[in-house]
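Q: Hey, dropping query_10.csv in here, CSV, C-alpha atoms:
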chain,number,residue,atom,x,y,z
X,1,MET,CA,-85.5,-40.0,-44.0
X,2,MET,CA,-86.6,-36.5,-43.0
X,3,ASP,CA,-83.9,-34.2,-41.5
X,4,MET,CA,-85.0,-33.7,-37.9
X,5,ARG,CA,-82.2,-31.4,-36.9
X,6,ARG,CA,-83.8,-28.1,-37.7
X,7,PRO,CA,-87.1,-28.8,-35.9
X,8,LEU,CA,-85.2,-30.2,-33.0
X,9,ARG,CA,-83.1,-27.1,-32.7
X,10,GLY,CA,-86.2,-25.0,-33.0
X,11,CYS,CA,-87.8,-27.0,-30.1
X,12,ALA,CA,-84.6,-26.6,-28.0
X,13,GLY,CA,-84.6,-22.9,-28.6
X,14,PHE,CA,-88.3,-22.6,-27.7
X,15,LEU,CA,-87.8,-24.6,-24.5
X,16,PHE,CA,-84.8,-22.5,-23.6
X,17,ALA,CA,-86.8,-19.3,-24.0
X,18,VAL,CA,-89.6,-20.7,-21.8
X,19,ALA,CA,-87.0,-21.7,-19.2
X,20,VAL,CA,-85.5,-18.2,-19.2
X,21,ALA,CA,-89.0,-16.6,-19.0
X,22,ALA,CA,-89.9,-18.9,-16.1
X,23,THR,CA,-86.7,-18.0,-14.3
X,24,ALA,CA,-87.4,-14.3,-14.8
X,25,PHE,CA,-90.8,-14.7,-13.2
X,26,ALA,CA,-89.5,-17.0,-10.5
X,27,ALA,CA,-86.8,-14.4,-9.7
X,28,GLN,CA,-89.3,-12.3,-7.7
X,29,PRO,CA,-90.7,-14.9,-5.3
X,30,GLY,CA,-93.6,-14.0,-3.1
X,31,PHE,CA,-95.3,-11.1,-4.9
X,32,THR,CA,-97.8,-12.4,-7.4
X,33,SER,CA,-100.5,-9.7,-7.2
X,34,MET,CA,-99.4,-7.4,-10.0
X,35,HIS,CA,-102.5,-6.6,-12.1
X,36,LYS,CA,-104.5,-8.6,-9.6
X,37,PRO,CA,-106.7,-7.4,-6.7
X,38,ALA,CA,-104.6,-5.7,-4.0
X,39,PRO,CA,-104.5,-7.9,-0.9
X,40,GLU,CA,-107.0,-6.4,1.5
X,41,PHE,CA,-106.4,-5.5,5.1
X,42,VAL,CA,-108.0,-3.6,8.0
X,43,ARG,CA,-105.7,-2.0,10.5
X,44,ALA,CA,-105.9,0.8,13.0
X,45,ASP,CA,-103.7,3.8,12.1
X,46,LEU,CA,-101.7,5.8,14.7
X,47,SER,CA,-104.8,7.8,15.5
X,48,GLN,CA,-106.7,4.5,16.2
X,49,GLN,CA,-108.9,5.1,13.1
X,50,PRO,CA,-109.7,1.9,11.2
X,51,ILE,CA,-108.1,1.8,7.8
X,52,ASP,CA,-109.9,-0.6,5.5
X,53,LEU,CA,-108.3,-0.9,2.1
X,54,HIS,CA,-111.5,-2.1,0.6
X,55,ALA,CA,-113.2,1.2,1.6
X,56,TYR,CA,-111.0,3.1,-0.8
X,57,ARG,CA,-112.4,1.4,-3.9
X,58,GLY,CA,-113.1,4.2,-6.4
X,59,GLN,CA,-110.0,6.0,-5.4
X,60,VAL,CA,-106.4,5.5,-6.4
X,61,VAL,CA,-104.3,4.3,-3.4
X,62,LEU,CA,-100.6,4.9,-3.1
X,63,LEU,CA,-99.5,2.3,-0.5
X,64,ALA,CA,-96.1,3.1,0.8
X,65,PHE,CA,-94.0,0.8,3.0
X,66,TRP,CA,-91.4,2.9,4.8
X,67,ALA,CA,-89.5,3.4,8.1
X,68,THR,CA,-88.1,6.3,10.0
X,69,TRP,CA,-84.5,4.9,9.6
X,70,CYS,CA,-84.9,4.6,5.8
X,71,ALA,CA,-83.1,7.5,4.1
X,72,PRO,CA,-84.8,7.1,0.7
X,73,CYS,CA,-88.2,7.0,2.5
X,74,GLN,CA,-87.4,10.3,4.1
X,75,LEU,CA,-86.8,11.8,0.6
X,76,GLU,CA,-90.1,10.6,-0.6
X,77,MET,CA,-92.2,11.8,2.3
X,78,PRO,CA,-92.5,15.5,1.4
X,79,HIS,CA,-93.5,14.6,-2.1
X,80,PHE,CA,-96.2,12.3,-0.8
X,81,VAL,CA,-97.5,15.0,1.5
X,82,ALA,CA,-97.6,17.4,-1.5
X,83,TRP,CA,-99.3,14.9,-3.7
X,84,GLN,CA,-102.0,14.1,-1.1
X,85,ARG,CA,-102.7,17.8,-0.8
X,86,GLN,CA,-102.7,18.4,-4.5
X,87,TYR,CA,-104.5,15.3,-5.7
X,88,GLY,CA,-106.7,14.2,-2.8
X,89,SER,CA,-109.7,16.0,-4.3
X,90,LYS,CA,-109.1,14.0,-7.5
X,91,GLY,CA,-109.3,10.7,-5.7
X,92,LEU,CA,-105.8,10.0,-4.4
X,93,GLN,CA,-105.4,8.4,-1.0
X,94,ILE,CA,-102.0,7.7,0.3
X,95,ILE,CA,-101.6,5.1,3.1
X,96,ALA,CA,-98.3,4.6,4.7
X,97,ILE,CA,-97.2,1.4,6.4
X,98,SER,CA,-94.4,1.9,8.8
X,99,MET,CA,-92.0,-1.0,9.2
X,100,ASP,CA,-90.5,0.5,12.4
X,101,ASP,CA,-90.2,-1.7,15.4
X,102,ASP,CA,-91.8,0.9,17.6
X,103,ALA,CA,-94.4,3.6,17.1
X,104,GLN,CA,-92.7,6.3,19.2
X,105,PRO,CA,-90.2,7.5,16.5
X,106,VAL,CA,-92.9,7.3,13.9
X,107,ARG,CA,-95.3,9.6,15.8
X,108,ARG,CA,-92.4,12.0,16.4
X,109,LEU,CA,-91.5,12.2,12.7
X,110,LEU,CA,-95.1,12.5,11.5
X,111,GLN,CA,-95.6,15.5,13.7
X,112,GLN,CA,-92.4,17.1,12.4
X,113,ARG,CA,-93.3,16.4,8.8
X,114,HIS,CA,-97.0,17.4,9.1
X,115,VAL,CA,-98.0,14.2,7.4
X,116,ASN,CA,-101.5,14.4,6.0
X,117,TYR,CA,-102.3,10.7,5.3
X,118,PRO,CA,-103.0,7.8,7.6
X,119,VAL,CA,-100.0,5.8,8.9
X,120,VAL,CA,-100.4,2.2,10.0
X,121,MET,CA,-97.8,0.2,11.9
X,122,GLY,CA,-96.8,-2.8,9.8
X,123,ASP,CA,-96.1,-6.3,10.8
X,124,VAL,CA,-94.8,-9.5,9.3
X,125,LYS,CA,-98.3,-10.6,8.1
X,126,LEU,CA,-99.0,-7.3,6.3
X,127,ALA,CA,-95.6,-7.4,4.7
X,128,GLU,CA,-96.1,-11.0,3.5
X,129,LEU,CA,-99.5,-10.0,2.0
X,130,TYR,CA,-97.5,-7.7,-0.3
X,131,GLY,CA,-94.9,-10.3,-1.3
X,132,GLY,CA,-92.5,-9.7,1.6
X,133,VAL,CA,-91.0,-6.3,2.4
X,134,MET,CA,-87.3,-7.1,2.7
X,135,GLY,CA,-85.9,-3.7,1.9
X,136,LEU,CA,-87.3,-0.2,1.8
X,137,PRO,CA,-89.0,1.7,0.4
X,138,VAL,CA,-91.6,-0.3,-1.5
X,139,THR,CA,-94.6,1.6,-2.9
X,140,PHE,CA,-97.6,0.2,-4.7
X,141,LEU,CA,-100.2,2.0,-6.8
X,142,ILE,CA,-103.6,0.5,-6.6
X,143,ASP,CA,-106.2,1.6,-9.2
X,144,ARG,CA,-109.8,2.6,-8.7
X,145,ASP,CA,-110.9,-1.0,-9.1
X,146,GLY,CA,-108.6,-2.2,-6.4
X,147,MET,CA,-106.1,-3.8,-8.7
X,148,VAL,CA,-102.3,-3.4,-8.2
X,149,ALA,CA,-101.2,-1.3,-11.1
X,150,ALA,CA,-97.6,-0.6,-10.2
X,151,ARG,CA,-94.8,-1.4,-7.8
X,152,PHE,CA,-91.8,0.7,-7.1
X,153,LYS,CA,-88.8,-0.7,-5.1
X,154,GLY,CA,-85.9,1.1,-3.6
X,155,GLU,CA,-85.0,4.7,-4.3
X,156,SER,CA,-87.5,5.3,-7.1
X,157,ASN,CA,-87.8,7.9,-9.8
X,158,LEU,CA,-90.5,10.0,-8.3
X,159,ASN,CA,-91.4,11.6,-11.7
X,160,LEU,CA,-92.2,8.1,-13.0
X,161,MET,CA,-94.2,7.3,-9.9
X,162,ARG,CA,-96.1,10.6,-10.2
X,163,ASN,CA,-96.8,10.2,-13.9
X,164,ARG,CA,-98.2,6.7,-13.3
X,165,MET,CA,-100.3,7.9,-10.4
X,166,LEU,CA,-101.7,10.7,-12.6
X,167,GLN,CA,-102.5,8.2,-15.4
X,168,LEU,CA,-104.5,6.2,-12.9
X,169,LEU,CA,-106.3,9.2,-11.5
X,170,ASN,CA,-107.3,10.2,-15.0
X,171,GLU,CA,-108.8,6.7,-15.7
X,172,HIS,CA,-112.4,6.4,-14.9
Y,173,MET,CA,-65.9,39.5,21.3
Y,174,ARG,CA,-63.1,37.2,22.2
Y,175,LYS,CA,-64.4,36.9,25.7
Y,176,ILE,CA,-67.8,35.9,24.5
Y,177,LEU,CA,-66.3,33.3,22.1
Y,178,THR,CA,-64.1,31.8,24.8
Y,179,SER,CA,-67.0,31.4,27.1
Y,180,ILE,CA,-69.4,29.9,24.5
Y,181,LEU,CA,-66.9,27.5,22.9
Y,182,PRO,CA,-66.5,25.2,25.9
Y,183,CYS,CA,-70.3,25.0,26.2
Y,184,PHE,CA,-70.5,24.1,22.6
Y,185,VAL,CA,-67.9,21.4,22.8
Y,186,LEU,CA,-69.6,20.0,25.9
Y,187,PHE,CA,-72.9,19.9,24.1
Y,188,ILE,CA,-71.4,18.1,21.2
Y,189,CYS,CA,-69.8,15.5,23.4
Y,190,ALA,CA,-72.9,15.1,25.5
Y,191,ALA,CA,-75.0,14.2,22.5
Y,192,PRO,CA,-73.5,10.8,21.5
Y,193,GLY,CA,-77.0,9.6,20.4
Y,194,VAL,CA,-76.9,12.2,17.7
Y,195,TRP,CA,-73.4,11.2,16.5
Y,196,ALA,CA,-74.3,7.5,16.6
Y,197,GLN,CA,-76.6,8.3,13.7
Y,198,HIS,CA,-75.8,7.9,10.1
Y,199,VAL,CA,-72.4,6.6,9.3
Y,200,SER,CA,-72.2,5.6,5.7
Y,201,ALA,CA,-71.5,1.9,5.0
Y,202,ASN,CA,-69.1,3.2,2.3
Y,203,ILE,CA,-66.5,3.6,5.0
Y,204,ILE,CA,-66.2,-0.1,5.3
Y,205,PRO,CA,-63.2,-1.2,3.2
Y,206,ASP,CA,-63.5,-3.9,0.5
Y,207,ALA,CA,-61.3,-6.2,2.6
Y,208,ASP,CA,-64.0,-6.1,5.3
Y,209,ARG,CA,-66.8,-6.9,3.0
Y,210,ILE,CA,-68.1,-10.4,2.1
Y,211,GLN,CA,-70.2,-11.2,-0.9
Y,212,PRO,CA,-73.4,-13.1,-0.6
Y,213,ASN,CA,-72.2,-16.1,-2.6
Y,214,GLN,CA,-69.1,-16.3,-0.4
Y,215,LEU,CA,-71.1,-16.3,2.8
Y,216,ARG,CA,-73.5,-18.9,1.4
Y,217,THR,CA,-70.6,-21.2,0.8
Y,218,MET,CA,-69.2,-20.6,4.3
Y,219,LEU,CA,-72.5,-21.3,5.9
Y,220,LYS,CA,-72.4,-24.9,4.5
Y,221,SER,CA,-68.9,-25.5,5.9
Y,222,ASN,CA,-67.7,-26.5,9.3
Y,223,HIS,CA,-66.2,-23.1,9.8
Y,224,ALA,CA,-69.3,-21.0,9.6
Y,225,PRO,CA,-69.0,-17.5,11.1
Y,226,VAL,CA,-71.2,-16.0,13.7
Y,227,VAL,CA,-73.8,-14.1,11.7
Y,228,LEU,CA,-75.5,-11.1,13.3
Y,229,GLN,CA,-78.3,-9.0,11.7
Y,230,VAL,CA,-77.9,-5.4,12.9
Y,231,GLY,CA,-80.9,-3.8,11.2
Y,232,SER,CA,-84.6,-3.9,11.6
Y,233,HIS,CA,-86.1,-6.4,14.0
Y,234,LEU,CA,-89.3,-6.6,11.9
Y,235,LEU,CA,-87.4,-7.3,8.8
Y,236,PHE,CA,-85.4,-10.0,10.7
Y,237,GLN,CA,-88.7,-11.6,11.8
Y,238,GLU,CA,-89.8,-11.7,8.1
Y,239,ALA,CA,-86.7,-13.5,6.9
Y,240,HIS,CA,-83.1,-13.8,8.0
Y,241,ILE,CA,-80.0,-15.8,7.2
Y,242,PRO,CA,-80.3,-19.3,8.9
Y,243,GLY,CA,-78.5,-19.4,12.2
Y,244,SER,CA,-78.2,-15.6,12.4
Y,245,ARG,CA,-79.1,-13.7,15.5
Y,246,TYR,CA,-80.7,-10.3,15.9
Y,247,ALA,CA,-78.3,-7.7,17.4
Y,248,GLY,CA,-79.4,-4.2,16.4
Y,249,PRO,CA,-80.3,-1.7,15.2
Y,250,GLY,CA,-76.8,-0.5,14.7
Y,251,SER,CA,-77.9,3.1,14.2
Y,252,GLN,CA,-79.1,3.4,17.7
Y,253,ASP,CA,-77.3,3.4,21.0
Y,254,SER,CA,-79.7,0.8,22.4
Y,255,GLY,CA,-79.0,-1.4,19.4
Y,256,ILE,CA,-75.2,-1.1,19.9
Y,257,GLU,CA,-75.8,-2.3,23.5
Y,258,VAL,CA,-77.6,-5.3,22.1
Y,259,LEU,CA,-74.7,-6.0,19.8
Y,260,GLN,CA,-72.2,-5.7,22.6
Y,261,LYS,CA,-74.1,-8.2,24.7
Y,262,ALA,CA,-74.4,-10.6,21.7
Y,263,VAL,CA,-70.7,-10.8,21.2
Y,264,SER,CA,-69.6,-10.5,24.9
Y,265,SER,CA,-68.9,-14.3,25.2
Y,266,LEU,CA,-67.1,-14.6,21.9
Y,267,PRO,CA,-63.3,-14.7,21.7
Y,268,LYS,CA,-61.8,-11.7,20.1
Y,269,ASP,CA,-60.6,-13.6,17.0
Y,270,ARG,CA,-63.9,-15.2,16.3
Y,271,PHE,CA,-65.0,-14.7,12.7
Y,272,ILE,CA,-68.2,-12.5,12.8
Y,273,VAL,CA,-70.3,-11.4,9.9
Y,274,LEU,CA,-72.7,-8.5,10.2
Y,275,TYR,CA,-75.5,-7.7,7.9
Y,276,CYS,CA,-78.5,-5.5,7.5
Y,277,GLY,CA,-80.1,-5.1,4.0
Y,278,CYS,CA,-82.7,-2.6,5.0
Y,279,CYS,CA,-81.9,-0.2,2.2
Y,280,PRO,CA,-79.3,0.4,-0.5
Y,281,TRP,CA,-75.7,-0.1,0.9
Y,282,ASP,CA,-74.7,3.5,0.8
Y,283,ARG,CA,-77.9,4.5,2.6
Y,284,CYS,CA,-77.8,1.9,5.4
Y,285,PRO,CA,-77.5,3.5,8.8
Y,286,ASN,CA,-76.8,0.3,10.7
Y,287,VAL,CA,-73.8,-1.7,9.4
Y,288,ALA,CA,-71.1,0.9,9.7
Y,289,PRO,CA,-71.7,1.8,13.4
Y,290,ALA,CA,-71.9,-1.9,14.3
Y,291,TRP,CA,-68.7,-2.7,12.4
Y,292,GLN,CA,-66.9,0.2,14.0
Y,293,ARG,CA,-68.0,-0.8,17.5
Y,294,LEU,CA,-66.8,-4.4,17.1
Y,295,HIS,CA,-63.4,-3.1,16.0
Y,296,GLU,CA,-63.3,-0.7,19.0
Y,297,MET,CA,-64.0,-3.7,21.2
Y,298,GLY,CA,-61.0,-5.5,19.8
Y,299,TYR,CA,-62.7,-8.0,17.5
Y,300,SER,CA,-60.2,-8.7,14.8
Y,301,SER,CA,-62.1,-10.8,12.3
Y,302,VAL,CA,-65.3,-8.9,11.4
Y,303,LYS,CA,-66.8,-8.7,7.9
Y,304,VAL,CA,-70.0,-7.1,6.7
Y,305,LEU,CA,-72.2,-8.8,4.1
Y,306,TYR,CA,-72.3,-6.6,1.0
Y,307,LEU,CA,-75.9,-6.1,0.0
Y,308,PRO,CA,-75.9,-3.4,-2.7
Y,309,ASP,CA,-79.7,-3.0,-2.9
Y,310,ASN,CA,-81.4,-4.8,0.0
Y,311,PHE,CA,-81.7,-8.2,1.6
Y,312,GLY,CA,-84.7,-9.1,-0.5
Y,313,ASP,CA,-83.0,-8.5,-3.9
Y,314,ASP,CA,-79.5,-9.5,-3.0
Y,315,TRP,CA,-80.1,-12.6,-0.9
Y,316,VAL,CA,-83.7,-13.9,-0.9
Y,317,THR,CA,-84.4,-13.4,-4.6
Y,318,LYS,CA,-81.2,-15.1,-5.5
Y,319,GLY,CA,-82.5,-18.2,-3.8
Y,320,TYR,CA,-80.1,-18.2,-0.9
Y,321,PRO,CA,-81.4,-19.8,2.3
Y,322,THR,CA,-83.6,-18.0,4.8
Y,323,GLU,CA,-85.5,-18.8,7.9
Y,324,ARG,CA,-88.2,-17.0,9.8
Y,325,GLN,CA,-88.6,-16.2,13.4
Represent the structure from my file as structure tokens, please.
A:
Amino acid sequence: MMDMRRPLRGCAGFLFAVAVAATAFAAQPGFTSMHKPAPEFVRADLSQQPIDLHAYRGQVVLLAFWATWCAPCQLEMPHFVAWQRQYGSKGLQIIAISMDDDAQPVRRLLQQRHVNYPVVMGDVKLAELYGGVMGLPVTFLIDRDGMVAARFKGESNLNLMRNRMLQLLNEH
Amino acid sequence: MRKILTSILPCFVLFICAAPGVWAQHVSANIIPDADRIQPNQLRTMLKSNHAPVVLQVGSHLLFQEAHIPGSRYAGPGSQDSGIEVLQKAVSSLPKDRFIVLYCGCCPWDRCPNVAPAWQRLHEMGYSSVKVLYLPDNFGDDWVTKGYPTERQ
């Protein structure tokens, strides 16, 4: 009779690998839009201008979830302002989503920091569109075709973020 | 010169004392000793028991609405005077030996502006059994992603 032990061990190993892979993907519940179309939204920014994500097709969008009480977000902000200034003409559009409970501190900070990109007040629905925002900062890079190309959570390496952004800007 | 300094110094001290809102700002969560921290898996076990603590979220209300620990109440933000008032009201009817767990998870632990002021305030009020849920990165990664229970508002 044929020895079945080796093929059985092989199957067990394969099934184990599949289970581990499935667990790894399941370990990030909620956000399933990586390399898929970025969830679209239309919201008014703090100047009451409509911000329609779809309207930015053809540009690279850096979508940043942040808050005034988030220290790592404060560190990112001057870089985002500089990038918008430097790369706006090359097709970069930064949109910030504030997860503050109230607009007043946001307006104050934007004036102090001379922020040069639209800021929208976030809510639960918008956060859930992007897989749930349960810790800040969270930043997405959306390519010119409207696909989510990268996601950065927590205190990110800004050089990595910038390099990925430049890659996307150089893609046509 | 001495006269100028002696006249300015009291004004300076008064200014510092009169600006409590400023000093209520960032107090690092790293001041919370290990003995007053509780790990997520420990809290999860306690929540299933008959001796569950009172759990208070002292961070962002918006993040609380998205997802919070079942049975927890919002009592923040700890980094603001108004949030500390909410916290004080939330515990006002609790006996001083009641086991209370505070948490936030807005940002990495050492960057959180909310838990340390809240923890300090409860100690000042005489609460003797207060722990803070240790979330090294944030609520999403250290609680939700691990499959621990949540509920929404």
Q: Asn116 of chain X: which residues within 9 Å, counting all atoms listed in the file, same-chain residues fewer than 3 positions away excluded, as a list in words?
A: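 Residues near the query, excluding close chain neighbours: Phe80, Val81, Ala82, Gln84, Arg85, Ile94, Leu110 and Arg113 of chain X.
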Q: Quick one: residues within 10 Å of segment 237-243 of chain Y, only C-alpha atoms counted, chain neighbours fewer than 3 positions away excluded, as a count of residues only?
A: 33
Q: Could you give me, as a list in words, the residues within 10 Å of Ala55 of chain X, counting only C-alpha atoms and dropping anything in the same chain fewer than 5 positions from it?
A: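 My reading of the contact set: Glu40, Val42 and Gly146 of chain X.
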Q: Should the cut-off be 12 Å, what would the residue list for chain X against chain Y look like, counting all atoms listed in the file, as an NGL selection string?
A: :X and (23-31 or 65-75 or 98-102 or 105 or 121-129 or 131-138 or 153-156)
Q: Grab the atom CA of Asn159 of chain X to atom CA of His35 of chain X distance for me, in Å with one decimal place.
A: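 For atom CA of Asn159 of chain X relative to atom CA of His35 of chain X, the distance reads 21.3 Å.
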Q: For the atom pair atom CA of Ile95 of chain X and atom CA of Ala149 of chain X, what is the interatomic distance in Å to one decimal place?
A: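 Calculated distance between atom CA of Ile95 of chain X and atom CA of Ala149 of chain X is 15.6 Å.
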Q: Distance atom CA of Arg151 of chain X-atom CA of Leu168 of chain X, one decimal place?
A: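 Distance between the two atoms: 13.3 Å.
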